[in-house]
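Participant: What follows is start_35.cif; its format and atoms are mmCIF, N, CA and C atoms.
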data_run
loop_
_atom_site.label_atom_id
_atom_site.label_comp_id
_atom_site.auth_asym_id
_atom_site.auth_seq_id
_atom_site.Cartn_x
_atom_site.Cartn_y
_atom_site.Cartn_z
N MET J 985 -86.96 69.82 50.57
CA MET J 985 -87.76 68.61 50.58
C MET J 985 -88.71 68.55 49.40
N ALA J 986 -89.41 69.65 49.17
CA ALA J 986 -90.35 69.67 48.05
C ALA J 986 -90.37 71.03 47.37
N CYS J 987 -89.25 71.75 47.48
CA CYS J 987 -89.19 73.09 46.90
C CYS J 987 -89.35 73.06 45.38
N PHE J 988 -89.03 71.92 44.77
CA PHE J 988 -89.16 71.81 43.32
C PHE J 988 -90.62 71.89 42.86
N LEU J 989 -91.55 71.63 43.76
CA LEU J 989 -92.97 71.70 43.39
C LEU J 989 -93.42 73.12 43.07
N VAL J 990 -92.78 74.11 43.69
CA VAL J 990 -93.13 75.51 43.41
C VAL J 990 -92.74 75.85 41.97
N SER J 991 -91.52 75.48 41.59
CA SER J 991 -91.08 75.72 40.20
C SER J 991 -91.93 74.94 39.21
N THR J 992 -92.31 73.73 39.59
CA THR J 992 -93.15 72.91 38.73
C THR J 992 -94.52 73.57 38.53
N ALA J 993 -95.09 74.08 39.60
CA ALA J 993 -96.39 74.76 39.50
C ALA J 993 -96.29 75.99 38.61
N GLU J 994 -95.22 76.77 38.76
CA GLU J 994 -95.04 77.94 37.91
C GLU J 994 -94.82 77.52 36.46
N ALA J 995 -94.06 76.45 36.26
CA ALA J 995 -93.81 75.97 34.90
C ALA J 995 -95.11 75.53 34.22
N ILE J 996 -95.99 74.90 34.96
CA ILE J 996 -97.29 74.49 34.40
C ILE J 996 -98.09 75.72 33.99
N ALA J 997 -98.12 76.74 34.86
CA ALA J 997 -98.87 77.96 34.56
C ALA J 997 -98.28 78.69 33.36
N VAL J 998 -96.96 78.79 33.30
CA VAL J 998 -96.31 79.49 32.19
C VAL J 998 -96.51 78.72 30.87
N THR J 999 -96.47 77.39 30.94
CA THR J 999 -96.71 76.59 29.74
C THR J 999 -98.12 76.82 29.20
N ALA J 1000 -99.09 76.88 30.10
CA ALA J 1000 -100.47 77.15 29.68
C ALA J 1000 -100.58 78.55 29.07
N ALA J 1001 -99.95 79.53 29.71
CA ALA J 1001 -99.98 80.90 29.18
C ALA J 1001 -99.31 80.96 27.81
N LYS J 1002 -98.22 80.23 27.64
CA LYS J 1002 -97.52 80.20 26.36
C LYS J 1002 -98.42 79.66 25.26
N LYS J 1003 -99.18 78.63 25.56
CA LYS J 1003 -100.09 78.04 24.55
C LYS J 1003 -101.15 79.06 24.14
N VAL J 1004 -101.68 79.80 25.10
CA VAL J 1004 -102.69 80.82 24.80
C VAL J 1004 -102.09 81.92 23.93
N VAL J 1005 -100.88 82.37 24.30
CA VAL J 1005 -100.22 83.44 23.53
C VAL J 1005 -99.90 82.96 22.12
N GLU J 1006 -99.46 81.72 21.98
CA GLU J 1006 -99.17 81.18 20.65
C GLU J 1006 -100.40 81.20 19.76
N LYS J 1007 -101.55 80.84 20.32
CA LYS J 1007 -102.79 80.86 19.53
C LYS J 1007 -103.13 82.27 19.09
N LYS J 1008 -102.95 83.25 19.99
CA LYS J 1008 -103.25 84.64 19.65
C LYS J 1008 -102.27 85.16 18.60
N GLU J 1009 -101.01 84.77 18.71
CA GLU J 1009 -100.02 85.22 17.73
C GLU J 1009 -100.26 84.59 16.36
N ASP J 1010 -100.75 83.37 16.33
CA ASP J 1010 -101.03 82.71 15.05
C ASP J 1010 -102.18 83.38 14.30
N THR J 1011 -103.12 83.97 15.04
CA THR J 1011 -104.27 84.59 14.38
C THR J 1011 -103.96 85.97 13.82
N LYS J 1012 -102.88 86.58 14.30
CA LYS J 1012 -102.51 87.91 13.80
C LYS J 1012 -101.90 87.78 12.42
N THR J 1013 -102.26 88.72 11.56
CA THR J 1013 -101.63 88.77 10.24
C THR J 1013 -100.62 89.91 10.25
N VAL J 1014 -99.44 89.63 9.73
CA VAL J 1014 -98.38 90.61 9.74
C VAL J 1014 -98.03 90.97 8.31
N ASP J 1015 -97.89 92.24 8.06
CA ASP J 1015 -97.50 92.73 6.74
C ASP J 1015 -96.07 92.32 6.44
N ALA J 1016 -95.79 91.90 5.23
CA ALA J 1016 -94.45 91.46 4.85
C ALA J 1016 -93.45 92.61 4.98
N VAL J 1017 -93.88 93.83 4.70
CA VAL J 1017 -93.00 94.98 4.81
C VAL J 1017 -92.64 95.22 6.27
N GLU J 1018 -93.62 95.05 7.15
CA GLU J 1018 -93.38 95.26 8.58
C GLU J 1018 -92.37 94.25 9.13
N VAL J 1019 -92.42 93.04 8.65
CA VAL J 1019 -91.49 92.01 9.10
C VAL J 1019 -90.06 92.37 8.72
N GLU J 1020 -89.88 92.94 7.53
CA GLU J 1020 -88.54 93.30 7.09
C GLU J 1020 -87.96 94.46 7.90
N THR J 1021 -88.78 95.44 8.24
CA THR J 1021 -88.24 96.63 8.90
C THR J 1021 -88.16 96.49 10.41
N VAL J 1022 -89.11 95.82 11.02
CA VAL J 1022 -89.13 95.72 12.47
C VAL J 1022 -89.06 94.24 12.85
N HIS J 1023 -88.00 93.88 13.57
CA HIS J 1023 -87.87 92.50 14.04
C HIS J 1023 -87.95 92.51 15.56
N HIS J 1024 -88.84 91.72 16.09
CA HIS J 1024 -88.91 91.56 17.54
C HIS J 1024 -89.19 90.10 17.87
N THR J 1025 -88.70 89.69 19.01
CA THR J 1025 -88.89 88.32 19.46
C THR J 1025 -90.31 88.19 20.00
N PRO J 1026 -91.08 87.24 19.51
CA PRO J 1026 -92.46 87.08 19.98
C PRO J 1026 -92.52 86.70 21.46
N LEU J 1027 -93.59 87.09 22.10
CA LEU J 1027 -93.79 86.78 23.52
C LEU J 1027 -93.80 85.28 23.75
N SER J 1028 -94.36 84.52 22.82
CA SER J 1028 -94.40 83.07 23.00
C SER J 1028 -93.00 82.48 23.05
N THR J 1029 -92.08 83.04 22.29
CA THR J 1029 -90.70 82.57 22.31
C THR J 1029 -90.06 82.89 23.66
N LYS J 1030 -90.32 84.08 24.16
CA LYS J 1030 -89.77 84.47 25.47
C LYS J 1030 -90.36 83.61 26.58
N LEU J 1031 -91.64 83.32 26.49
CA LEU J 1031 -92.25 82.44 27.48
C LEU J 1031 -91.69 81.02 27.37
N GLY J 1032 -91.34 80.63 26.16
CA GLY J 1032 -90.70 79.33 25.97
C GLY J 1032 -89.36 79.25 26.70
N TRP J 1033 -88.62 80.35 26.69
CA TRP J 1033 -87.36 80.39 27.44
C TRP J 1033 -87.61 80.17 28.93
N LEU J 1034 -88.63 80.86 29.44
CA LEU J 1034 -88.95 80.72 30.86
C LEU J 1034 -89.41 79.30 31.17
N CYS J 1035 -90.21 78.72 30.30
CA CYS J 1035 -90.65 77.33 30.50
C CYS J 1035 -89.46 76.40 30.61
N LYS J 1036 -88.51 76.55 29.69
CA LYS J 1036 -87.34 75.67 29.70
C LYS J 1036 -86.53 75.86 30.97
N MET J 1037 -86.38 77.08 31.42
CA MET J 1037 -85.63 77.33 32.65
C MET J 1037 -86.33 76.71 33.85
N LEU J 1038 -87.64 76.88 33.93
CA LEU J 1038 -88.39 76.36 35.08
C LEU J 1038 -88.47 74.83 35.07
N TRP J 1039 -88.80 74.25 33.91
CA TRP J 1039 -88.88 72.79 33.83
C TRP J 1039 -87.52 72.15 34.09
N GLY J 1040 -86.48 72.74 33.54
CA GLY J 1040 -85.13 72.21 33.75
C GLY J 1040 -84.72 72.27 35.21
N GLY J 1041 -84.97 73.40 35.85
CA GLY J 1041 -84.64 73.55 37.26
C GLY J 1041 -85.44 72.60 38.13
N ALA J 1042 -86.72 72.46 37.85
CA ALA J 1042 -87.57 71.56 38.63
C ALA J 1042 -87.10 70.11 38.47
N PHE J 1043 -86.72 69.73 37.25
CA PHE J 1043 -86.25 68.37 37.01
C PHE J 1043 -84.95 68.10 37.77
N LEU J 1044 -84.01 69.05 37.71
CA LEU J 1044 -82.75 68.88 38.43
C LEU J 1044 -82.97 68.81 39.93
N LEU J 1045 -83.86 69.63 40.45
CA LEU J 1045 -84.17 69.57 41.89
C LEU J 1045 -84.84 68.25 42.26
N LEU J 1046 -85.68 67.74 41.40
CA LEU J 1046 -86.32 66.44 41.65
C LEU J 1046 -85.25 65.35 41.75
N ILE J 1047 -84.32 65.36 40.81
CA ILE J 1047 -83.24 64.37 40.83
C ILE J 1047 -82.42 64.50 42.11
N GLU J 1048 -82.11 65.73 42.50
CA GLU J 1048 -81.33 65.96 43.72
C GLU J 1048 -82.08 65.46 44.95
N HIS J 1049 -83.38 65.71 45.01
CA HIS J 1049 -84.18 65.25 46.16
C HIS J 1049 -84.31 63.73 46.16
N MET J 1050 -84.37 63.14 44.99
CA MET J 1050 -84.40 61.67 44.92
C MET J 1050 -83.06 61.10 45.41
N TRP J 1051 -81.99 61.75 45.02
CA TRP J 1051 -80.65 61.31 45.41
C TRP J 1051 -80.51 61.29 46.94
N HIS J 1052 -81.10 62.28 47.60
CA HIS J 1052 -81.01 62.38 49.06
C HIS J 1052 -82.12 61.62 49.78
N GLY J 1053 -82.95 60.92 49.03
CA GLY J 1053 -83.98 60.09 49.65
C GLY J 1053 -85.20 60.85 50.14
N GLU J 1054 -85.37 62.08 49.70
CA GLU J 1054 -86.52 62.88 50.13
C GLU J 1054 -87.73 62.62 49.25
N VAL J 1055 -87.51 62.14 48.05
CA VAL J 1055 -88.58 61.76 47.13
C VAL J 1055 -88.39 60.27 46.85
N VAL J 1056 -89.47 59.50 47.04
CA VAL J 1056 -89.41 58.05 46.88
C VAL J 1056 -90.46 57.61 45.87
N PRO J 1057 -90.28 56.45 45.24
CA PRO J 1057 -91.23 56.01 44.21
C PRO J 1057 -92.48 55.32 44.75
N TYR J 1058 -92.80 55.50 46.00
CA TYR J 1058 -94.01 54.91 46.58
C TYR J 1058 -94.73 55.95 47.43
N PHE J 1059 -96.01 55.70 47.67
CA PHE J 1059 -96.83 56.65 48.41
C PHE J 1059 -96.26 56.87 49.79
N PRO J 1060 -96.21 58.04 50.30
CA PRO J 1060 -96.72 59.33 49.85
C PRO J 1060 -95.76 60.11 48.96
N PHE J 1061 -94.74 59.48 48.41
CA PHE J 1061 -93.78 60.05 47.46
C PHE J 1061 -92.83 61.06 48.09
N LEU J 1062 -93.29 61.86 49.01
CA LEU J 1062 -92.42 62.79 49.73
C LEU J 1062 -92.26 62.27 51.15
N THR J 1063 -91.02 62.00 51.56
CA THR J 1063 -90.79 61.45 52.89
C THR J 1063 -91.20 62.43 53.98
N ALA J 1064 -91.27 63.70 53.65
CA ALA J 1064 -91.66 64.71 54.63
C ALA J 1064 -93.15 64.63 54.97
N MET J 1065 -93.90 63.84 54.24
CA MET J 1065 -95.33 63.73 54.53
C MET J 1065 -95.64 62.57 55.48
N ASN J 1066 -94.60 61.95 56.02
CA ASN J 1066 -94.82 60.84 56.95
C ASN J 1066 -95.29 61.30 58.32
N SER J 1067 -94.92 62.50 58.72
CA SER J 1067 -95.36 63.01 60.02
C SER J 1067 -95.83 64.45 59.87
N LYS J 1068 -96.63 64.87 60.83
CA LYS J 1068 -97.19 66.22 60.79
C LYS J 1068 -96.08 67.28 60.90
N GLU J 1069 -95.10 67.03 61.76
CA GLU J 1069 -94.01 67.98 61.96
C GLU J 1069 -93.17 68.12 60.70
N ASP J 1070 -92.89 67.01 60.04
CA ASP J 1070 -92.12 67.06 58.79
C ASP J 1070 -92.89 67.77 57.69
N THR J 1071 -94.19 67.57 57.67
CA THR J 1071 -95.02 68.22 56.65
C THR J 1071 -95.01 69.73 56.85
N ILE J 1072 -95.08 70.18 58.09
CA ILE J 1072 -95.04 71.62 58.38
C ILE J 1072 -93.69 72.20 57.96
N GLU J 1073 -92.62 71.48 58.25
CA GLU J 1073 -91.29 71.93 57.84
C GLU J 1073 -91.18 71.98 56.32
N MET J 1074 -91.76 71.00 55.63
CA MET J 1074 -91.74 70.95 54.17
C MET J 1074 -92.49 72.15 53.59
N LEU J 1075 -93.65 72.46 54.14
CA LEU J 1075 -94.43 73.60 53.64
C LEU J 1075 -93.69 74.92 53.87
N LYS J 1076 -93.00 75.04 55.01
CA LYS J 1076 -92.20 76.25 55.26
C LYS J 1076 -91.06 76.36 54.23
N GLU J 1077 -90.43 75.23 53.92
CA GLU J 1077 -89.35 75.24 52.93
C GLU J 1077 -89.88 75.62 51.56
N MET J 1078 -91.05 75.10 51.21
CA MET J 1078 -91.65 75.46 49.93
C MET J 1078 -91.96 76.95 49.88
N ALA J 1079 -92.45 77.50 50.99
CA ALA J 1079 -92.82 78.91 51.03
C ALA J 1079 -91.61 79.83 51.01
N THR J 1080 -90.50 79.38 51.53
CA THR J 1080 -89.31 80.25 51.57
C THR J 1080 -88.35 79.92 50.43
N VAL J 1081 -87.79 78.74 50.44
CA VAL J 1081 -86.77 78.38 49.45
C VAL J 1081 -87.39 78.21 48.06
N GLY J 1082 -88.48 77.49 47.97
CA GLY J 1082 -89.12 77.23 46.68
C GLY J 1082 -89.58 78.51 45.99
N VAL J 1083 -90.25 79.37 46.75
CA VAL J 1083 -90.74 80.63 46.17
C VAL J 1083 -89.57 81.53 45.79
N SER J 1084 -88.55 81.61 46.66
CA SER J 1084 -87.41 82.49 46.33
C SER J 1084 -86.67 81.99 45.09
N MET J 1085 -86.53 80.68 44.93
CA MET J 1085 -85.88 80.16 43.72
C MET J 1085 -86.71 80.46 42.48
N ALA J 1086 -88.01 80.28 42.57
CA ALA J 1086 -88.87 80.55 41.41
C ALA J 1086 -88.84 82.03 41.05
N VAL J 1087 -88.85 82.90 42.06
CA VAL J 1087 -88.79 84.34 41.81
C VAL J 1087 -87.44 84.71 41.19
N LEU J 1088 -86.37 84.10 41.67
CA LEU J 1088 -85.04 84.40 41.13
C LEU J 1088 -84.93 83.97 39.67
N VAL J 1089 -85.43 82.80 39.33
CA VAL J 1089 -85.40 82.33 37.95
C VAL J 1089 -86.22 83.27 37.07
N THR J 1090 -87.40 83.66 37.54
CA THR J 1090 -88.26 84.55 36.76
C THR J 1090 -87.62 85.93 36.60
N ALA J 1091 -86.97 86.42 37.64
CA ALA J 1091 -86.28 87.72 37.55
C ALA J 1091 -85.13 87.65 36.56
N PHE J 1092 -84.37 86.57 36.58
CA PHE J 1092 -83.28 86.40 35.63
C PHE J 1092 -83.81 86.35 34.20
N TRP J 1093 -84.94 85.64 34.01
CA TRP J 1093 -85.59 85.60 32.70
C TRP J 1093 -85.99 87.01 32.28
N GLY J 1094 -86.50 87.80 33.22
CA GLY J 1094 -86.88 89.18 32.92
C GLY J 1094 -85.69 90.00 32.45
N LEU J 1095 -84.54 89.79 33.08
CA LEU J 1095 -83.32 90.49 32.66
C LEU J 1095 -82.90 90.06 31.25
N ILE J 1096 -83.05 88.78 30.96
CA ILE J 1096 -82.73 88.29 29.61
C ILE J 1096 -83.65 88.96 28.59
N CYS J 1097 -84.94 89.00 28.90
CA CYS J 1097 -85.90 89.64 27.99
C CYS J 1097 -85.59 91.13 27.81
N LEU J 1098 -85.19 91.79 28.90
CA LEU J 1098 -84.83 93.21 28.82
C LEU J 1098 -83.61 93.39 27.91
N ALA J 1099 -82.61 92.54 28.07
CA ALA J 1099 -81.41 92.62 27.23
C ALA J 1099 -81.75 92.41 25.76
N VAL J 1100 -82.63 91.45 25.48
CA VAL J 1100 -83.05 91.20 24.09
C VAL J 1100 -83.80 92.41 23.55
N HIS J 1101 -84.67 92.99 24.36
CA HIS J 1101 -85.44 94.17 23.93
C HIS J 1101 -84.50 95.34 23.61
N VAL J 1102 -83.52 95.57 24.47
CA VAL J 1102 -82.56 96.66 24.23
C VAL J 1102 -81.79 96.40 22.94
N LYS J 1103 -81.35 95.18 22.75
CA LYS J 1103 -80.60 94.85 21.53
C LYS J 1103 -81.46 95.02 20.28
N GLU J 1104 -82.72 94.58 20.35
CA GLU J 1104 -83.62 94.74 19.21
C GLU J 1104 -83.93 96.21 18.94
N SER J 1105 -84.07 97.00 19.99
CA SER J 1105 -84.32 98.42 19.82
C SER J 1105 -83.14 99.11 19.16
N LYS J 1106 -81.94 98.73 19.61
CA LYS J 1106 -80.74 99.31 19.03
C LYS J 1106 -80.61 98.93 17.56
N LYS J 1107 -80.90 97.66 17.26
CA LYS J 1107 -80.84 97.18 15.87
C LYS J 1107 -81.88 97.89 15.02
N SER J 1108 -83.07 98.10 15.58
CA SER J 1108 -84.15 98.78 14.87
C SER J 1108 -83.79 100.23 14.59
N SER J 1109 -83.21 100.91 15.57
CA SER J 1109 -82.84 102.31 15.36
C SER J 1109 -81.67 102.42 14.38
N ASP J 1110 -80.75 101.47 14.40
CA ASP J 1110 -79.64 101.48 13.43
C ASP J 1110 -80.16 101.28 12.02
N SER J 1111 -81.11 100.37 11.85
CA SER J 1111 -81.64 100.13 10.50
C SER J 1111 -82.49 101.31 10.01
N SER J 1112 -83.14 102.03 10.93
CA SER J 1112 -83.92 103.19 10.50
C SER J 1112 -83.00 104.35 10.10
N LYS J 1113 -81.83 104.43 10.74
CA LYS J 1113 -80.86 105.48 10.36
C LYS J 1113 -80.28 105.20 8.98
N GLU J 1114 -80.11 103.89 8.66
CA GLU J 1114 -79.55 103.53 7.37
C GLU J 1114 -80.51 103.87 6.23
N THR J 1115 -81.81 103.81 6.49
CA THR J 1115 -82.77 104.10 5.42
C THR J 1115 -82.86 105.59 5.15
N LEU J 1116 -82.44 106.42 6.07
CA LEU J 1116 -82.49 107.88 5.85
C LEU J 1116 -81.34 108.29 5.03
#
Show me, as structure tokens, the structure contained in the file I just sent.

Facilitator:
Amino acid sequence: MACFLVSTAEAIAVTAAKKVVEKKEDTKTVDAVEVETVHHTPLSTKLGWLCKMLWGGAFLLLIEHMWHGEVVPYFPFLTAMNSKEDTIEMLKEMATVGVSMAVLVTAFWGLICLAVHVKESKKSSDSSKETL
């Protein structure tokens, strides 16, 4: 009914965190030699991946809920808020389905970041062997 709101809330938080990290990364000065020898994907880029995954998933869920008539273009926007019983059911769905989907997306993003880190480490160690 409103499980997409959990992903939307996480997407808002991650987008804000990404902006803060981008500002911190912009203030750092990096040596040109260091850039050539060590390549790593910045945290802001990785957070950007998570933002895209969360915003995309939330948008698709919104469309799906609109298709089924659970989200309407007039107040209260969520049909589950018309009665107390429906609202309780909606909150339970958000707490179970919404949170589990958001955790699953974040865990998958973590695996992607881990794979990138392993690949970059392997590339870094290969390039250090070549210099010897």

Participant: Residues of chain J in helix (DSSP H, G or I) according to DSSP, as a VMD selection string?

Facilitator: chain J and resid 988 to 1011 1016 to 1021 1027 to 1051 1063 to 1065 1068 to 1115

Participant: Report, in Å to a single decimal, how far apart CA of Phe1043 (chain J) and CA of Phe988 (chain J) are.

Facilitator: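 Separation between CA of Phe988 (chain J) and CA of Phe1043 (chain J): 7.8 Å.
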
Participant: In Å, with one decimal, what is the gap from CA of Glu1006 (chain J) to atom N of His1024 (chain J)?

Facilitator: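 The value is 15.4 Å.
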
Participant: Determine, counting only C-alpha atoms, which protein, DNA and RNA residues have an atom within 8 Å of an atom of Val990 (chain J); residues of the same chain fewer than 4 positions away are not included. Present the result as a ChimeraX atom specification.

Facilitator: /J:986,994,1078,1082-1083,1086

Participant: Can you pull out the residues contacting Met1085 (chain J)? Cut-off 12 Å, using only C-alpha atoms, and skip same-chain residues under 5 positions away; I want them as a compact mmCIF listing (two decimals) with N, CA and C atoms, in the frame of the given file.

Facilitator:
# COMPACT_ATOMS: atom_id res chain seq x y z
N CYS J 987 -89.25 71.75 47.48
CA CYS J 987 -89.19 73.09 46.90
C CYS J 987 -89.35 73.06 45.38
N PHE J 988 -89.03 71.92 44.77
CA PHE J 988 -89.16 71.81 43.32
C PHE J 988 -90.62 71.89 42.86
N LEU J 989 -91.55 71.63 43.76
CA LEU J 989 -92.97 71.70 43.39
C LEU J 989 -93.42 73.12 43.07
N VAL J 990 -92.78 74.11 43.69
CA VAL J 990 -93.13 75.51 43.41
C VAL J 990 -92.74 75.85 41.97
N SER J 991 -91.52 75.48 41.59
CA SER J 991 -91.08 75.72 40.20
C SER J 991 -91.93 74.94 39.21
N THR J 992 -92.31 73.73 39.59
CA THR J 992 -93.15 72.91 38.73
C THR J 992 -94.52 73.57 38.53
N GLU J 994 -95.22 76.77 38.76
CA GLU J 994 -95.04 77.94 37.91
C GLU J 994 -94.82 77.52 36.46
N MET J 1037 -86.38 77.08 31.42
CA MET J 1037 -85.63 77.33 32.65
C MET J 1037 -86.33 76.71 33.85
N LEU J 1038 -87.64 76.88 33.93
CA LEU J 1038 -88.39 76.36 35.08
C LEU J 1038 -88.47 74.83 35.07
N GLY J 1041 -84.97 73.40 35.85
CA GLY J 1041 -84.64 73.55 37.26
C GLY J 1041 -85.44 72.60 38.13
N ALA J 1042 -86.72 72.46 37.85
CA ALA J 1042 -87.57 71.56 38.63
C ALA J 1042 -87.10 70.11 38.47
N LEU J 1045 -83.86 69.63 40.45
CA LEU J 1045 -84.17 69.57 41.89
C LEU J 1045 -84.84 68.25 42.26
N GLU J 1077 -90.43 75.23 53.92
CA GLU J 1077 -89.35 75.24 52.93
C GLU J 1077 -89.88 75.62 51.56
N MET J 1078 -91.05 75.10 51.21
CA MET J 1078 -91.65 75.46 49.93
C MET J 1078 -91.96 76.95 49.88
N ALA J 1079 -92.45 77.50 50.99
CA ALA J 1079 -92.82 78.91 51.03
C ALA J 1079 -91.61 79.83 51.01
N THR J 1080 -90.50 79.38 51.53
CA THR J 1080 -89.31 80.25 51.57
C THR J 1080 -88.35 79.92 50.43
N THR J 1090 -87.40 83.66 37.54
CA THR J 1090 -88.26 84.55 36.76
C THR J 1090 -87.62 85.93 36.60
N ALA J 1091 -86.97 86.42 37.64
CA ALA J 1091 -86.28 87.72 37.55
C ALA J 1091 -85.13 87.65 36.56
N PHE J 1092 -84.37 86.57 36.58
CA PHE J 1092 -83.28 86.40 35.63
C PHE J 1092 -83.81 86.35 34.20

Participant: Could you jot down the CA of Leu1062 (chain J) to CA of Trp1039 (chain J) separation for me, Å, one decimal place?

Facilitator: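 Taking CA of Leu1062 (chain J) as the start and CA of Trp1039 (chain J) as the end point, the length is 19.1 Å.
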
Participant: Kindly list the centre and edge lengths in Å, rounded to one decimal, for the axis-aligned box that covers all listed atoms of region 1068-1077 of chain J plus 6 Å on each of its six sides, as JSON.

Facilitator:
{"center_x": -93.3, "center_y": 70.6, "center_z": 56.8, "size_x": 19.8, "size_y": 23.5, "size_z": 22.4}
